[in-house]
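Colleague: Below you will find the structure I want to go over with you.
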Amino acid sequence: MQKILLSAFLLFSLLSCASGEKKSIELTEENIPQRIITAGGTITEIVYTLGFGDKIIATDRTSTYPKKMQALPSIGYRNQIKSEGILSLSPNMLLVEEEYLSEDVVSQLKLMDLKVHFFNKPTNPEETKVLVMKLARLFEVPDKGEQINEDIRKDLNSLKDYLLEEDKEDSLTAAFVMARGPETLFVAGENTFAEEIFNLAGIKMAARGFEEFIPLTPESLVSMSPDYLVLFDSGLESLGGLDGLAAVNGVKETKAYKEKQVLSFDGHYLSGMGPRVGQVALELAKEVRKK
């Protein structure tokens with residue numbers, strides 16, 4: 001009888017293996033990475049929104065949201081980041097934007113067998129949703145990723161409904177100015193986050209005919225004469241506020257300044273293309289249509 005039972009057990013085991021049946025591995029405290037470092041504000045925000053913010057032990061300087069992330073140790077910013085600073089924190093996973101770290105730093109981290117995952121920074125809401133799902137699958141919470149993406153879709157639908165209800169102000173123009181003090185001013189052109197967020201908000205780019213960012217000159221600013229000037233909060237602060245902005249040659253001649261139509265937003269909120277992309281686009285759309 002024992003031989004018969006043993007044979008039956010072995011046969012069942014062999015059939016199970018042959019069928020390729022696998023047990024799903026659930027994410028538990030034992031297999032969740034316990035010490036994560038994120039480099040890239042959008043990655044940090046998504047990881048936090050997915051519910052793993054308490055596993056993040058350090059971030060980079062662009063990780064400003066949620067605010068509690070700013071209290072964590074910082075590994076620096078782009079070329080300033082060194083492998084020694086990362087390894088000294090004893091992480092077991094690093095999540096980083098593509099091309100954010102130097103090749104030397106990446107090579108050194110890989111030599112130390114640190115798990116490093118690279119992700120493209122999104123440039124539009126569709127890419128945002130792709131990044132959300134990549135991170136959700138990494139953490140084995142795809143349902144949570146789908147819920148975040150559903151929230152993004154709802155925000156974008158609210159934006160679309162708002163723009164349909166409003167008068168079509170397709171002549172509204174804006175220019176985004178990147179400021180790092182009065183001596184360092186750039187204007188955003190095509191293929192930038194500014195173009196994408198302006199398009200979402202139903203605003204035309206005042207700066208055309210060039211890509212990325214170019215130095216801002218008084219002549220170019222006057223010739224554009226945008227209805228609105230948009231800056232990061234930090235950029236406006238670096239100029240000394242509105243008074244400092246007025247001291248920039250050409251600003252006083254713009255329609256935006258004359259009609260007090262200068263807007264500023266948190267840098268990551270406006271440019272991050274994270275889970276709140278629909279919210280900031282709607283906020284911008286409403287700001288330029290208040291009158």
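Numbering starts fresh at 1 for the residues of each chain in the structure tokens, the chains themselves are lettered A, B, ... in the order given, and ligands are numbered from 1 as they appear.
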At a cut-off of 8 Å, using only C-alpha atoms, what residues contact Ile197 of chain A? Leave out same-chain residues fewer than 5 positions from it and give the result as a ChimeraX atom specification.
Modeller: /A:270-271,281
Colleague: Now that the selection is made, can you save its residues with N, CA and C atoms as a tab-separated table (two decimals), in the first residue's frame?
Modeller:
chain	number	residue	atom	x	y	z
A	270	LEU	N	5.04	71.69	-12.14
A	270	LEU	CA	4.81	72.16	-13.51
A	270	LEU	C	5.52	71.31	-14.55
A	271	SER	N	6.72	70.85	-14.24
A	271	SER	CA	7.54	70.21	-15.28
A	271	SER	C	7.73	68.70	-15.12
A	281	ALA	N	-2.07	71.19	-15.37
A	281	ALA	CA	-2.51	71.74	-16.65
A	281	ALA	C	-3.86	72.44	-16.50
Colleague: Among the residues of segment 66-146 of chain A, find those DSSP assigns to strand (DSSP E or B) from the backbone and print them as a PyMOL selection string.
Modeller: chain A and resi 74+93-97+116-119
Colleague: So which bits of segment 24-234 of chain A end up alpha helix (DSSP H) when you DSSP the backbone, as a ChimeraX atom specification?
Modeller: /A:41-47,83-87,103-111,125-138,142-165,193-200,218-224,233-234
Colleague: Determine, counting only C-alpha atoms, which protein, DNA and RNA residues have an atom within 9 Å of an atom of segment 99-101 of chain A; residues of the same chain fewer than 6 positions away are not included. Present the result as a list in words.
Modeller: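 Counting only C-alpha atoms, the residues come to Ala39, Gly40, Tyr77, Arg78, Asn79, Gln80, Ile81, Lys82, Phe118 and Asn120 of chain A.
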Colleague: With all heavy atoms retained, write the just-selected residues as a compact mmCIF listing (two decimals), in the first residue's frame.
Modeller:
# COMPACT_ATOMS: atom_id res chain seq x y z
N ALA A 39 16.40 58.72 -7.80
CA ALA A 39 17.07 59.88 -8.42
C ALA A 39 16.20 60.34 -9.59
O ALA A 39 16.22 59.74 -10.66
CB ALA A 39 18.47 59.51 -8.89
N GLY A 40 15.42 61.36 -9.34
CA GLY A 40 14.46 61.87 -10.32
C GLY A 40 13.14 62.12 -9.63
O GLY A 40 12.53 61.20 -9.09
N TYR A 77 22.85 66.16 -7.25
CA TYR A 77 22.17 66.46 -8.52
C TYR A 77 23.08 66.11 -9.68
O TYR A 77 24.21 66.60 -9.79
CB TYR A 77 21.80 67.94 -8.57
CG TYR A 77 21.12 68.38 -9.85
CD1 TYR A 77 19.81 68.01 -10.13
CD2 TYR A 77 21.80 69.15 -10.79
CE1 TYR A 77 19.19 68.40 -11.30
CE2 TYR A 77 21.19 69.56 -11.97
CZ TYR A 77 19.88 69.18 -12.22
OH TYR A 77 19.27 69.56 -13.39
N ARG A 78 22.64 65.22 -10.53
CA ARG A 78 23.30 64.84 -11.77
C ARG A 78 24.82 64.62 -11.61
O ARG A 78 25.22 63.70 -10.90
CB ARG A 78 23.00 65.85 -12.87
CG ARG A 78 21.53 65.80 -13.31
CD ARG A 78 21.27 66.60 -14.56
NE ARG A 78 19.89 66.49 -14.99
CZ ARG A 78 19.40 65.52 -15.75
NH1 ARG A 78 20.22 64.59 -16.22
NH2 ARG A 78 18.13 65.48 -16.08
N ASN A 79 25.64 65.46 -12.23
CA ASN A 79 27.08 65.24 -12.23
C ASN A 79 27.72 65.36 -10.84
O ASN A 79 28.86 64.94 -10.64
CB ASN A 79 27.78 66.22 -13.18
CG ASN A 79 27.45 65.94 -14.63
OD1 ASN A 79 27.12 64.81 -14.98
ND2 ASN A 79 27.55 66.94 -15.48
N GLN A 80 26.96 65.93 -9.89
CA GLN A 80 27.49 66.03 -8.53
C GLN A 80 27.39 64.70 -7.78
O GLN A 80 28.05 64.50 -6.77
CB GLN A 80 26.70 67.09 -7.74
CG GLN A 80 26.72 68.47 -8.36
CD GLN A 80 25.74 69.41 -7.66
OE1 GLN A 80 24.95 68.97 -6.83
NE2 GLN A 80 25.81 70.68 -7.99
N ILE A 81 26.57 63.79 -8.27
CA ILE A 81 26.31 62.53 -7.56
C ILE A 81 27.52 61.60 -7.70
O ILE A 81 28.01 61.35 -8.79
CB ILE A 81 25.05 61.85 -8.11
CG1 ILE A 81 23.82 62.76 -7.87
CG2 ILE A 81 24.83 60.50 -7.45
CD1 ILE A 81 22.54 62.24 -8.50
N LYS A 82 27.97 61.09 -6.57
CA LYS A 82 29.10 60.16 -6.53
C LYS A 82 28.64 58.80 -6.00
O LYS A 82 27.75 58.72 -5.15
CB LYS A 82 30.21 60.71 -5.63
CG LYS A 82 30.68 62.11 -6.00
CD LYS A 82 31.29 62.15 -7.39
CE LYS A 82 31.79 63.56 -7.74
NZ LYS A 82 32.26 63.63 -9.15
N PHE A 118 16.72 51.72 -14.47
CA PHE A 118 16.68 52.99 -15.19
C PHE A 118 15.31 53.17 -15.86
O PHE A 118 14.74 52.21 -16.39
CB PHE A 118 17.77 53.04 -16.26
CG PHE A 118 19.17 53.02 -15.70
CD1 PHE A 118 19.86 51.82 -15.57
CD2 PHE A 118 19.79 54.18 -15.29
CE1 PHE A 118 21.14 51.79 -15.05
CE2 PHE A 118 21.06 54.17 -14.77
CZ PHE A 118 21.74 52.97 -14.64
N ASN A 120 12.93 56.13 -18.33
CA ASN A 120 12.87 57.39 -19.08
C ASN A 120 11.95 58.37 -18.37
O ASN A 120 10.88 57.99 -17.89
CB ASN A 120 12.34 57.15 -20.50
CG ASN A 120 13.35 56.44 -21.37
OD1 ASN A 120 14.56 56.69 -21.28
ND2 ASN A 120 12.88 55.52 -22.20
Colleague: Give me the residues within 12 Å of segment 147-161 of chain A as JSON, numbers by chain, counting only C-alpha atoms and dropping any in the same chain fewer than 4 places off.
Modeller: {"A": [45, 46, 47, 48, 49, 50, 51, 124, 125, 126, 127, 128, 129, 130, 131, 132, 133, 134, 135, 136, 141, 142, 143, 165, 166, 167, 197, 199, 200, 201, 202, 273, 274, 275, 276, 277, 278, 279, 280, 281, 282, 283, 284, 285, 286]}
Colleague: Would you compute the distance between atom CA of Thr184 of chain A and atom CA of Arg61 of chain A? Give it in Å to one decimal.
Modeller: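 About the pair atom CA of Thr184 of chain A and atom CA of Arg61 of chain A: they are 19.7 Å apart.
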Colleague: Please identify all polymer residues within 9 Å of Leu239 of chain A, counting only C-alpha atoms, omitting same-chain residues fewer than 6 positions from it, and present them as a list in words.
Modeller: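 Here the qualifying residues turn out to be Ala179, Arg180, Gly181, Pro182, Leu245, Ala247 and Val248 of chain A.
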Colleague: How far is it from atom CA of Pro218 of chain A to atom CA of Glu196 of chain A, in Å with one decimal?
Modeller: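 Between these atoms lies a distance of 24.7 Å.
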